[in-house]
Amino acid sequence: MAIPEAPKSSGGLGAKIVRTFGELLITAGLVVLLFAVYELYATDLFSAKKQASATTLNEDWAQGRQPHPELIDGKAFAKLYIPTFGADYHFTIQEGAEAAALEVGPGHYKGTALPGEAGNFAVAGHRVGKGAPFNDLDLLSSCDAVVVETQTDFFVYRVLPHSDEIANWSTGKGAQPQCSHVGTLRTNAADGGPYGETYGREIVSPNEGDVVAPVPHKPPDILPPAQQVALLTLTTCHPQFSDRQRLIVHAVLTGQFPKTADATYAQLLQAIGEA
């Protein structure tokens, strides 16, 4: 005698709800995945094209040597190199730190100093997507070089001591050859003086805009321009894939090299011991 098959159960309303909810989760997951791919790869391609279009500076510079470039929103006026990140690391710097400028590459905070000037030459950049020029900013160590090229000069900045290096700087890392022109900027005052809160690397909240002040974290009038140190400040989001905080790198100007017909970036690297 044949055994009758058990009736198939449709699972009822509860099963349908679970199945529908599961399908929605899968769809949502695919949407998130596609968005992540877009942010990580598609925006990189778009930014690379914009960066390539912006890298006509050599042609612009060849048309005339003006010591003070005309700053136009979104227009490139300098180049940025970080030797530690390899020979192929170079980006143009656009005027303005708004979203449109940062889609092309690093952007200059309006109103901050220009390359080589006393005060604070401040530059923002994306860490993920859109070319991610500052993706590895957290890997910079004290005394690492950051080079800015303008129409007339190469300016060499070196990252300032980190907070845990300040106390023993002169007898520790500060005694190494590449750090010969890098000091702590501290005075004998109890609080370290005007630059007592300036470190090579720090993590701050997004509302701490005074990191790009002429003297970081201090009111604009704390020092007259003639007494201000020439700094470079790089800012980006922190941690990766989040804008909850900001990663800040402060560097000090250690050299200015006028450009000549035979002066190249490779020769500069040899001159400063980074080749």
# chains A, B, ... in the order shown; residues from 1 in each chain; ligands from 1
$ residues_around --residues "Gln63 in chain A" --least-positions-apart "6" --cutoff "12 Å" --atoms "only C-alpha atoms" --output "PDB file with C-alpha atoms, in the first residue's frame"
ATOM      1  CA  THR A  56      47.838  72.063 -17.531  1.00  0.00           C
ATOM      2  CA  LEU A  57      49.728  74.223 -15.074  1.00  0.00           C
ATOM      3  CA  GLN A 151      55.068  78.899 -10.902  1.00  0.00           C
TER       4      GLN A 151
END
$ select_by_dssp --residues "range 93-231 of chain A" --states "helix (DSSP H, G or I)" --output "PDB file with C-alpha atoms, in the first residue's frame"
ATOM      1  CA  ALA A  99      32.867  70.115  -2.803  1.00  0.00           C
ATOM      2  CA  ALA A 100      33.319  71.061  -6.471  1.00  0.00           C
ATOM      3  CA  ALA A 101      37.006  71.908  -6.004  1.00  0.00           C
ATOM      4  CA  LEU A 102      37.703  68.785  -3.934  1.00  0.00           C
ATOM      5  CA  LEU A 137      47.707  60.912   5.371  1.00  0.00           C
ATOM      6  CA  ASP A 138      47.796  59.007   8.666  1.00  0.00           C
ATOM      7  CA  LEU A 139      50.979  57.240   7.520  1.00  0.00           C
ATOM      8  CA  SER A 163      52.610  64.890  20.531  1.00  0.00           C
ATOM      9  CA  ASP A 164      54.482  61.923  22.022  1.00  0.00           C
ATOM     10  CA  GLU A 165      57.796  63.121  20.541  1.00  0.00           C
ATOM     11  CA  LYS A 173      64.225  61.865  16.500  1.00  0.00           C
ATOM     12  CA  GLY A 174      64.983  65.582  16.235  1.00  0.00           C
ATOM     13  CA  ALA A 175      68.693  64.716  16.138  1.00  0.00           C
ATOM     14  CA  PRO A 177      69.585  64.564   9.662  1.00  0.00           C
ATOM     15  CA  GLN A 178      66.191  64.913   7.978  1.00  0.00           C
ATOM     16  CA  CYS A 179      64.894  66.702  11.078  1.00  0.00           C
ATOM     17  CA  GLY A 209      38.075  75.242  12.229  1.00  0.00           C
ATOM     18  CA  ASP A 210      40.869  77.006  14.077  1.00  0.00           C
ATOM     19  CA  VAL A 211      43.292  74.252  12.999  1.00  0.00           C
ATOM     20  CA  VAL A 212      43.765  76.334   9.833  1.00  0.00           C
ATOM     21  CA  PRO A 225      52.352  88.338  10.640  1.00  0.00           C
ATOM     22  CA  ALA A 226      56.080  89.069  10.893  1.00  0.00           C
ATOM     23  CA  GLN A 227      56.368  86.680  13.857  1.00  0.00           C
TER      24      GLN A 227
END
$ atom_distance --atom1 "CA of Glu70 in chain A" --atom2 "CA of Ala124 in chain A"
19.5 Å
$ residues_around --residues "Ser180 in chain A" --least-positions-apart "4" --cutoff "12 Å" --atoms "only C-alpha atoms" --output "compact mmCIF listing (two decimals) with N, CA and C atoms, in the first residue's frame"
# COMPACT_ATOMS: atom_id res chain seq x y z
N SER A 142 56.74 62.29 11.51
CA SER A 142 57.42 63.56 11.71
C SER A 142 58.64 63.63 10.81
N CYS A 143 58.90 64.80 10.27
CA CYS A 143 60.03 65.10 9.37
C CYS A 143 59.83 64.61 7.95
N ASP A 144 58.75 63.89 7.65
CA ASP A 144 58.46 63.53 6.26
C ASP A 144 58.25 64.81 5.46
N ARG A 158 58.19 70.11 6.18
CA ARG A 158 58.38 68.82 6.86
C ARG A 158 57.44 68.74 8.06
N LEU A 160 55.76 68.30 11.48
CA LEU A 160 56.20 68.66 12.82
C LEU A 160 56.20 67.43 13.74
N TRP A 169 62.44 65.55 21.93
CA TRP A 169 62.70 65.80 20.51
C TRP A 169 64.18 66.07 20.22
N SER A 170 64.78 66.96 20.95
CA SER A 170 66.15 67.38 20.63
C SER A 170 67.16 66.24 20.76
N THR A 171 66.92 65.31 21.66
CA THR A 171 67.85 64.19 21.84
C THR A 171 67.35 62.90 21.18
N GLY A 172 66.11 62.94 20.69
CA GLY A 172 65.53 61.77 20.04
C GLY A 172 65.51 61.92 18.54
N LYS A 173 64.32 61.82 17.96
CA LYS A 173 64.23 61.87 16.50
C LYS A 173 64.71 63.20 15.93
N GLY A 174 64.56 64.27 16.71
CA GLY A 174 64.98 65.58 16.23
C GLY A 174 66.46 65.67 15.92
N ALA A 175 67.25 64.72 16.40
CA ALA A 175 68.69 64.72 16.14
C ALA A 175 69.04 64.07 14.80
N GLN A 176 68.05 63.47 14.12
CA GLN A 176 68.31 62.82 12.84
C GLN A 176 68.48 63.87 11.74
N THR A 184 60.24 72.03 17.64
CA THR A 184 58.93 71.85 18.25
C THR A 184 58.09 73.12 18.22
N THR A 254 60.79 74.36 5.53
CA THR A 254 62.21 74.17 5.81
C THR A 254 63.10 74.58 4.64
N GLY A 255 62.52 74.89 3.49
CA GLY A 255 63.34 75.29 2.37
C GLY A 255 62.54 75.83 1.21
N ILE A 272 67.34 67.51 -1.27
CA ILE A 272 66.82 67.47 0.10
C ILE A 272 66.93 66.08 0.71
N GLY A 273 67.64 65.17 0.03
CA GLY A 273 67.86 63.84 0.57
C GLY A 273 66.68 62.92 0.53
$ residues_around --residues "Gln256 in chain A" --least-positions-apart "5" --cutoff "7 Å" --atoms "only C-alpha atoms" --output "VMD selection string"
chain A and resid 153 to 156
